[in-house]
>>> print(open('model-v7.cif').read())   # mmCIF, N, CA and C atoms
data_data
loop_
_atom_site.label_atom_id
_atom_site.label_comp_id
_atom_site.auth_asym_id
_atom_site.auth_seq_id
_atom_site.Cartn_x
_atom_site.Cartn_y
_atom_site.Cartn_z
N MET A 1 111.08 69.14 104.34
CA MET A 1 109.66 69.40 104.52
C MET A 1 109.25 70.46 103.50
N ASP A 2 108.17 70.19 102.81
CA ASP A 2 107.67 71.09 101.76
C ASP A 2 106.98 72.31 102.39
N ARG A 3 106.80 73.38 101.60
CA ARG A 3 106.14 74.58 102.11
C ARG A 3 104.71 74.31 102.54
N ALA A 4 104.00 73.48 101.78
CA ALA A 4 102.62 73.15 102.13
C ALA A 4 102.57 72.37 103.45
N ASP A 5 103.53 71.48 103.65
CA ASP A 5 103.58 70.73 104.90
C ASP A 5 103.82 71.65 106.09
N LYS A 6 104.69 72.63 105.91
CA LYS A 6 104.96 73.59 106.99
C LYS A 6 103.72 74.42 107.30
N ALA A 7 102.99 74.79 106.25
CA ALA A 7 101.77 75.60 106.46
C ALA A 7 100.72 74.80 107.21
N VAL A 8 100.55 73.53 106.85
CA VAL A 8 99.56 72.69 107.54
C VAL A 8 99.99 72.44 108.98
N LEU A 9 101.27 72.22 109.21
CA LEU A 9 101.77 72.02 110.56
C LEU A 9 101.58 73.28 111.40
N ARG A 10 101.87 74.46 110.81
CA ARG A 10 101.66 75.73 111.52
C ARG A 10 100.19 75.92 111.87
N LEU A 11 99.30 75.60 110.94
CA LEU A 11 97.87 75.73 111.20
C LEU A 11 97.40 74.76 112.29
N ALA A 12 97.87 73.53 112.25
CA ALA A 12 97.46 72.53 113.24
C ALA A 12 97.97 72.89 114.64
N ILE A 13 99.23 73.27 114.74
CA ILE A 13 99.78 73.64 116.05
C ILE A 13 99.13 74.91 116.57
N GLY A 14 98.93 75.88 115.69
CA GLY A 14 98.30 77.14 116.10
C GLY A 14 96.87 76.95 116.58
N LEU A 15 96.11 76.14 115.87
CA LEU A 15 94.73 75.89 116.28
C LEU A 15 94.68 75.08 117.58
N GLY A 16 95.60 74.13 117.73
CA GLY A 16 95.65 73.39 118.98
C GLY A 16 95.99 74.29 120.16
N LEU A 17 96.92 75.22 119.94
CA LEU A 17 97.28 76.18 120.98
C LEU A 17 96.12 77.12 121.29
N ALA A 18 95.39 77.52 120.25
CA ALA A 18 94.22 78.39 120.45
C ALA A 18 93.14 77.70 121.27
N VAL A 19 92.90 76.43 120.97
CA VAL A 19 91.91 75.67 121.74
C VAL A 19 92.37 75.52 123.18
N LEU A 20 93.63 75.24 123.38
CA LEU A 20 94.17 75.10 124.73
C LEU A 20 94.03 76.40 125.52
N ILE A 21 94.37 77.52 124.90
CA ILE A 21 94.27 78.81 125.60
C ILE A 21 92.81 79.19 125.83
N ALA A 22 91.99 79.09 124.79
CA ALA A 22 90.61 79.57 124.89
C ALA A 22 89.79 78.75 125.89
N TYR A 23 89.85 77.45 125.76
CA TYR A 23 89.05 76.61 126.64
C TYR A 23 89.75 76.39 127.99
N GLY A 24 91.08 76.42 127.99
CA GLY A 24 91.82 76.25 129.23
C GLY A 24 91.64 77.43 130.17
N LEU A 25 91.57 78.64 129.63
CA LEU A 25 91.34 79.83 130.45
C LEU A 25 89.86 80.10 130.67
N ALA A 26 89.01 79.27 130.11
CA ALA A 26 87.55 79.39 130.24
C ALA A 26 87.07 80.78 129.82
N LEU A 27 87.54 81.21 128.65
CA LEU A 27 87.08 82.50 128.13
C LEU A 27 85.59 82.42 127.78
N PRO A 28 84.87 83.53 127.88
CA PRO A 28 83.43 83.50 127.64
C PRO A 28 83.04 83.10 126.22
N ALA A 29 83.82 83.42 125.21
CA ALA A 29 83.51 83.05 123.83
C ALA A 29 84.74 82.36 123.21
N PRO A 30 85.00 81.11 123.59
CA PRO A 30 86.24 80.48 123.14
C PRO A 30 86.29 80.18 121.65
N PHE A 31 85.14 79.99 121.01
CA PHE A 31 85.13 79.68 119.59
C PHE A 31 85.62 80.87 118.77
N VAL A 32 85.43 82.09 119.25
CA VAL A 32 85.90 83.28 118.54
C VAL A 32 87.42 83.31 118.50
N VAL A 33 88.04 82.89 119.58
CA VAL A 33 89.51 82.83 119.63
C VAL A 33 90.01 81.87 118.56
N CYS A 34 89.37 80.72 118.43
CA CYS A 34 89.78 79.73 117.44
C CYS A 34 89.59 80.24 116.01
N VAL A 35 88.48 80.90 115.75
CA VAL A 35 88.22 81.43 114.41
C VAL A 35 89.23 82.51 114.05
N MET A 36 89.54 83.41 114.98
CA MET A 36 90.50 84.47 114.69
C MET A 36 91.90 83.90 114.49
N THR A 37 92.25 82.87 115.23
CA THR A 37 93.56 82.24 115.06
C THR A 37 93.67 81.62 113.68
N VAL A 38 92.64 80.92 113.25
CA VAL A 38 92.65 80.32 111.91
C VAL A 38 92.71 81.40 110.84
N LEU A 39 91.97 82.49 111.03
CA LEU A 39 91.99 83.59 110.07
C LEU A 39 93.40 84.16 109.92
N LEU A 40 94.10 84.30 111.01
CA LEU A 40 95.45 84.86 110.95
C LEU A 40 96.46 83.84 110.40
N LEU A 41 96.30 82.58 110.74
CA LEU A 41 97.24 81.57 110.29
C LEU A 41 97.05 81.17 108.83
N CYS A 42 95.87 81.43 108.26
CA CYS A 42 95.62 81.10 106.85
C CYS A 42 96.13 82.19 105.92
N LYS A 43 96.66 83.28 106.47
CA LYS A 43 97.20 84.36 105.66
C LYS A 43 98.37 83.82 104.85
N PRO A 44 98.38 84.09 103.53
CA PRO A 44 99.50 83.59 102.72
C PRO A 44 100.80 84.31 103.08
N GLY A 45 101.90 83.63 102.86
CA GLY A 45 103.20 84.22 103.13
C GLY A 45 103.77 83.74 104.44
N PRO A 46 104.91 84.29 104.79
CA PRO A 46 105.57 83.86 106.03
C PRO A 46 104.79 84.35 107.25
N PRO A 47 104.98 83.68 108.39
CA PRO A 47 104.27 84.13 109.60
C PRO A 47 104.76 85.51 110.05
N ILE A 48 103.89 86.20 110.77
CA ILE A 48 104.22 87.52 111.29
C ILE A 48 105.20 87.37 112.44
N PRO A 49 106.26 88.21 112.49
CA PRO A 49 107.19 88.14 113.63
C PRO A 49 106.46 88.38 114.95
N PHE A 50 106.99 87.79 116.03
CA PHE A 50 106.30 87.79 117.32
C PHE A 50 106.07 89.20 117.86
N VAL A 51 107.08 90.04 117.85
CA VAL A 51 106.95 91.38 118.43
C VAL A 51 105.97 92.22 117.61
N LYS A 52 106.12 92.17 116.30
CA LYS A 52 105.22 92.93 115.43
C LYS A 52 103.79 92.42 115.57
N GLY A 53 103.62 91.12 115.67
CA GLY A 53 102.29 90.54 115.84
C GLY A 53 101.66 90.87 117.17
N SER A 54 102.48 90.91 118.23
CA SER A 54 101.96 91.27 119.55
C SER A 54 101.48 92.72 119.58
N VAL A 55 102.25 93.61 118.97
CA VAL A 55 101.84 95.01 118.89
C VAL A 55 100.57 95.12 118.04
N LEU A 56 100.51 94.36 116.96
CA LEU A 56 99.32 94.36 116.10
C LEU A 56 98.10 93.88 116.87
N ALA A 57 98.25 92.84 117.67
CA ALA A 57 97.13 92.34 118.47
C ALA A 57 96.66 93.37 119.48
N LEU A 58 97.58 94.08 120.10
CA LEU A 58 97.21 95.12 121.07
C LEU A 58 96.49 96.28 120.38
N VAL A 59 96.99 96.69 119.22
CA VAL A 59 96.35 97.80 118.50
C VAL A 59 94.96 97.40 118.01
N ILE A 60 94.84 96.21 117.46
CA ILE A 60 93.53 95.74 116.99
C ILE A 60 92.58 95.58 118.17
N GLY A 61 93.08 95.09 119.30
CA GLY A 61 92.24 94.99 120.50
C GLY A 61 91.73 96.34 120.95
N ALA A 62 92.61 97.34 120.91
CA ALA A 62 92.18 98.70 121.27
C ALA A 62 91.15 99.23 120.28
N LEU A 63 91.34 98.96 118.99
CA LEU A 63 90.35 99.39 118.00
C LEU A 63 89.01 98.68 118.19
N LEU A 64 89.07 97.41 118.57
CA LEU A 64 87.82 96.69 118.82
C LEU A 64 87.10 97.26 120.03
N LEU A 65 87.86 97.64 121.03
CA LEU A 65 87.21 98.22 122.20
C LEU A 65 86.67 99.62 121.91
N THR A 66 87.23 100.31 120.92
CA THR A 66 86.64 101.60 120.54
C THR A 66 85.30 101.41 119.85
N GLY A 67 85.07 100.21 119.30
CA GLY A 67 83.76 99.91 118.75
C GLY A 67 82.69 99.94 119.83
N VAL A 68 83.08 99.67 121.06
CA VAL A 68 82.16 99.74 122.20
C VAL A 68 81.73 101.19 122.44
N LEU A 69 82.60 102.13 122.10
CA LEU A 69 82.27 103.55 122.29
C LEU A 69 81.17 104.03 121.36
N MET A 70 80.91 103.29 120.29
CA MET A 70 79.85 103.68 119.37
C MET A 70 78.47 103.28 119.87
N VAL A 71 78.41 102.45 120.89
CA VAL A 71 77.12 101.97 121.40
C VAL A 71 76.23 103.11 121.90
N PRO A 72 76.72 104.04 122.74
CA PRO A 72 75.83 105.12 123.17
C PRO A 72 75.36 106.01 122.02
N ILE A 73 76.21 106.18 121.02
CA ILE A 73 75.80 106.98 119.86
C ILE A 73 74.67 106.28 119.13
N LEU A 74 74.78 104.96 118.94
CA LEU A 74 73.73 104.22 118.24
C LEU A 74 72.44 104.16 119.05
N GLU A 75 72.55 104.11 120.37
CA GLU A 75 71.34 104.04 121.19
C GLU A 75 70.62 105.38 121.27
N ASN A 76 71.36 106.47 121.40
CA ASN A 76 70.74 107.77 121.62
C ASN A 76 70.55 108.59 120.35
N TYR A 77 71.46 108.45 119.41
CA TYR A 77 71.41 109.22 118.15
C TYR A 77 71.56 108.23 117.00
N ALA A 78 70.49 107.52 116.67
CA ALA A 78 70.55 106.42 115.71
C ALA A 78 71.00 106.88 114.32
N ALA A 79 70.45 107.97 113.83
CA ALA A 79 70.79 108.43 112.48
C ALA A 79 72.27 108.82 112.41
N THR A 80 72.75 109.52 113.42
CA THR A 80 74.16 109.91 113.46
C THR A 80 75.06 108.68 113.57
N GLY A 81 74.66 107.71 114.37
CA GLY A 81 75.44 106.48 114.52
C GLY A 81 75.54 105.70 113.23
N VAL A 82 74.44 105.60 112.50
CA VAL A 82 74.45 104.87 111.23
C VAL A 82 75.30 105.62 110.20
N LEU A 83 75.19 106.94 110.17
CA LEU A 83 76.00 107.74 109.26
C LEU A 83 77.49 107.62 109.58
N LEU A 84 77.82 107.68 110.86
CA LEU A 84 79.21 107.54 111.29
C LEU A 84 79.74 106.15 110.95
N THR A 85 78.93 105.13 111.14
CA THR A 85 79.33 103.77 110.78
C THR A 85 79.59 103.66 109.29
N GLY A 86 78.73 104.27 108.48
CA GLY A 86 78.93 104.25 107.03
C GLY A 86 80.21 104.93 106.61
N VAL A 87 80.50 106.07 107.20
CA VAL A 87 81.74 106.80 106.87
C VAL A 87 82.96 105.99 107.29
N LEU A 88 82.92 105.40 108.48
CA LEU A 88 84.05 104.60 108.94
C LEU A 88 84.26 103.36 108.07
N LEU A 89 83.16 102.71 107.66
CA LEU A 89 83.29 101.54 106.80
C LEU A 89 83.85 101.92 105.44
N TYR A 90 83.43 103.07 104.91
CA TYR A 90 83.98 103.54 103.64
C TYR A 90 85.49 103.74 103.76
N ALA A 91 85.93 104.37 104.85
CA ALA A 91 87.36 104.61 105.05
C ALA A 91 88.12 103.30 105.19
N VAL A 92 87.55 102.35 105.93
CA VAL A 92 88.22 101.06 106.13
C VAL A 92 88.32 100.29 104.81
N PHE A 93 87.22 100.24 104.04
CA PHE A 93 87.26 99.52 102.77
C PHE A 93 88.19 100.20 101.77
N PHE A 94 88.22 101.52 101.77
CA PHE A 94 89.11 102.24 100.87
C PHE A 94 90.58 101.96 101.21
N ALA A 95 90.92 102.02 102.49
CA ALA A 95 92.29 101.73 102.90
C ALA A 95 92.64 100.26 102.67
N GLY A 96 91.67 99.37 102.89
CA GLY A 96 91.91 97.95 102.67
C GLY A 96 92.11 97.62 101.21
N ALA A 97 91.41 98.32 100.32
CA ALA A 97 91.58 98.08 98.89
C ALA A 97 92.94 98.60 98.40
N ARG A 98 93.42 99.67 99.00
CA ARG A 98 94.70 100.23 98.60
C ARG A 98 95.87 99.37 99.07
N SER A 99 95.79 98.83 100.28
CA SER A 99 96.92 98.08 100.82
C SER A 99 96.75 96.57 100.70
N ALA A 100 95.57 96.10 100.34
CA ALA A 100 95.28 94.66 100.21
C ALA A 100 95.64 93.91 101.47
N ASN A 101 95.25 94.47 102.62
CA ASN A 101 95.54 93.86 103.91
C ASN A 101 94.41 92.90 104.28
N PRO A 102 94.72 91.63 104.56
CA PRO A 102 93.65 90.68 104.92
C PRO A 102 93.04 90.96 106.30
N LEU A 103 93.68 91.78 107.10
CA LEU A 103 93.15 92.09 108.43
C LEU A 103 92.11 93.21 108.39
N THR A 104 91.75 93.65 107.19
CA THR A 104 90.70 94.67 107.05
C THR A 104 89.39 94.16 107.62
N ILE A 105 89.15 92.86 107.52
CA ILE A 105 87.91 92.29 108.03
C ILE A 105 87.76 92.52 109.52
N ILE A 106 88.87 92.58 110.24
CA ILE A 106 88.80 92.80 111.69
C ILE A 106 88.32 94.21 111.99
N LEU A 107 88.75 95.17 111.20
CA LEU A 107 88.26 96.53 111.40
C LEU A 107 86.79 96.65 111.02
N VAL A 108 86.37 95.90 110.02
CA VAL A 108 84.95 95.89 109.66
C VAL A 108 84.15 95.32 110.83
N ILE A 109 84.65 94.29 111.45
CA ILE A 109 83.99 93.72 112.63
C ILE A 109 83.94 94.74 113.75
N ALA A 110 85.04 95.49 113.91
CA ALA A 110 85.10 96.47 114.99
C ALA A 110 84.03 97.55 114.84
N PHE A 111 83.72 97.92 113.62
CA PHE A 111 82.77 99.01 113.41
C PHE A 111 81.35 98.55 113.10
N THR A 112 81.12 97.23 112.96
CA THR A 112 79.76 96.75 112.69
C THR A 112 79.26 95.79 113.77
N VAL A 113 79.95 94.69 113.95
CA VAL A 113 79.46 93.65 114.86
C VAL A 113 79.55 94.08 116.32
N ILE A 114 80.65 94.68 116.71
CA ILE A 114 80.84 95.07 118.11
C ILE A 114 79.78 96.08 118.55
N PRO A 115 79.50 97.16 117.80
CA PRO A 115 78.44 98.08 118.24
C PRO A 115 77.05 97.44 118.27
N VAL A 116 76.76 96.57 117.31
CA VAL A 116 75.45 95.91 117.30
C VAL A 116 75.32 94.99 118.51
N ALA A 117 76.38 94.26 118.82
CA ALA A 117 76.36 93.41 120.01
C ALA A 117 76.25 94.25 121.27
N GLY A 118 76.86 95.43 121.27
CA GLY A 118 76.79 96.32 122.42
C GLY A 118 75.40 96.89 122.64
N VAL A 119 74.67 97.11 121.55
CA VAL A 119 73.29 97.59 121.68
C VAL A 119 72.43 96.50 122.31
N ALA A 120 72.69 95.24 121.94
CA ALA A 120 71.94 94.12 122.52
C ALA A 120 72.32 93.92 123.99
N ASP A 121 73.62 93.90 124.28
CA ASP A 121 74.11 93.70 125.65
C ASP A 121 75.52 94.27 125.73
N GLN A 122 75.72 95.22 126.62
CA GLN A 122 77.00 95.92 126.71
C GLN A 122 78.14 94.97 127.07
N ALA A 123 77.90 94.00 127.92
CA ALA A 123 78.95 93.07 128.32
C ALA A 123 79.35 92.16 127.15
N LEU A 124 78.42 91.86 126.27
CA LEU A 124 78.72 91.01 125.12
C LEU A 124 79.74 91.66 124.19
N ALA A 125 79.64 92.96 124.02
CA ALA A 125 80.58 93.67 123.14
C ALA A 125 82.00 93.59 123.70
N SER A 126 82.15 93.77 124.99
CA SER A 126 83.48 93.68 125.59
C SER A 126 84.04 92.27 125.51
N VAL A 127 83.18 91.28 125.72
CA VAL A 127 83.61 89.88 125.64
C VAL A 127 84.08 89.55 124.24
N LEU A 128 83.34 90.00 123.22
CA LEU A 128 83.75 89.74 121.84
C LEU A 128 85.05 90.44 121.50
N ALA A 129 85.22 91.67 121.95
CA ALA A 129 86.45 92.40 121.67
C ALA A 129 87.66 91.72 122.29
N VAL A 130 87.53 91.28 123.52
CA VAL A 130 88.64 90.59 124.20
C VAL A 130 88.92 89.25 123.52
N ALA A 131 87.88 88.52 123.14
CA ALA A 131 88.09 87.22 122.49
C ALA A 131 88.78 87.39 121.14
N LEU A 132 88.41 88.41 120.38
CA LEU A 132 89.07 88.65 119.10
C LEU A 132 90.54 89.03 119.29
N ALA A 133 90.83 89.84 120.28
CA ALA A 133 92.21 90.24 120.55
C ALA A 133 93.05 89.04 121.01
N VAL A 134 92.48 88.20 121.86
CA VAL A 134 93.22 87.00 122.31
C VAL A 134 93.45 86.05 121.14
N GLY A 135 92.47 85.95 120.25
CA GLY A 135 92.64 85.12 119.05
C GLY A 135 93.76 85.61 118.16
N LEU A 136 93.85 86.92 118.00
CA LEU A 136 94.95 87.48 117.21
C LEU A 136 96.29 87.23 117.89
N GLY A 137 96.32 87.42 119.19
CA GLY A 137 97.56 87.17 119.93
C GLY A 137 97.99 85.72 119.86
N THR A 138 97.03 84.82 119.92
CA THR A 138 97.34 83.39 119.82
C THR A 138 97.82 83.03 118.42
N GLY A 139 97.23 83.63 117.42
CA GLY A 139 97.65 83.37 116.05
C GLY A 139 99.07 83.81 115.77
N VAL A 140 99.51 84.83 116.48
CA VAL A 140 100.88 85.32 116.30
C VAL A 140 101.84 84.29 116.88
#
>>> encode(input="model-v7.cif", output="structure tokens")
Amino acid sequence: MDRADKAVLRLAIGLGLAVLIAYGLALPAPFVVCVMTVLLLCKPGPPIPFVKGSVLALVIGALLLTGVLMVPILENYAATGVLLTGVLLYAVFFAGARSANPLTIILVIAFTVIPVAGVADQALASVLAVALAVGLGTGV
């Protein structure tokens, strides 16, 4: 079996497993699980080991949930929240450029999309954070 065949097989099985988990468990945002799984499985190179990937999913899930903590800052102190978001994004992009890590996009989501969703509806931010973490765990 060629390397390309293995990659396609890994992507097909991983996406099928993601659909089974996301829709089978009736998660509130099942499409996010599928998108995150594809994002992780399309990473070039060998797959991430299971233990390392599970720890990574837990850490990223915790970081996503910390994005929920920015919601009160954005609601009550808008200028400070926007400034803090800008500083955090600068740090994330700087670290991502130095290490060339494809998972930098997840941290960008944690500091931009999650707080904005939390300002619209607090429960939506938690649902998105959990769905992204489950997607990463499924991709592993």
>>> select_by_dssp(input="model-v7.cif", residues="range 14-115 of chain A", states="helix (DSSP H, G or I)", output="NGL selection string")
:A and (14-24 or 30-41 or 50-68 or 70-76 or 78-99 or 104-115)
>>> residues_around(input="model-v7.cif", residues="range 125-138 of chain A", least_positions_apart="4", cutoff="6 Å", atoms="all atoms listed in the file", output="PyMOL selection string")
chain A and resi 18+29+32-34+36-37+57+60-61+64-65+114+117-118+121
>>> atom_distance(input="model-v7.cif", atom1="atom N of Phe93 in chain A", atom2="atom N of Ala110 in chain A")
11.2 Å
>>> residues_around(input="model-v7.cif", residues="range 45-47 of chain A", least_positions_apart="5", cutoff="12 Å", atoms="only C-alpha atoms", output="JSON, numbers by chain")
{"A": [3, 4, 6, 7, 10, 11, 14, 40, 52, 53, 102, 139, 140]}
>>> axis_aligned_box(input="model-v7.cif", around="range 103-111 of chain A", padding_each_side="8 Å", output="lines of an AutoDock Vina configuration file")
center_x = 87.5
center_y = 95.4
center_z = 111.0
size_x = 28.3
size_y = 23.2
size_z = 23.9
>>> residues_near_point(input="model-v7.cif", point="(75.1, 107.6, 114.3)", cutoff="12 Å", atoms="only C-alpha atoms", output="list in words")
Leu69, Met70, Val71, Pro72, Ile73, Leu74, Glu75, Asn76, Tyr77, Ala78, Ala79, Thr80, Gly81, Val82, Leu83, Leu84, Thr85, Gly86, Val87, Leu88, Phe111, Thr112 and Pro115 of chain A
>>> closest_residue(input="model-v7.cif", among="A:Ile106, A:Leu15, A:Ile21, A:Ala95", to="Ala62 in chain A", atoms="only C-alpha atoms")
A:Ile106
>>> atom_distance(input="model-v7.cif", atom1="CA of Met1 in chain A", atom2="atom N of Val38 in chain A")
22.3 Å
>>> atom_distance(input="model-v7.cif", atom1="atom N of Gln122 in chain A", atom2="atom N of Val55 in chain A")
27.7 Å
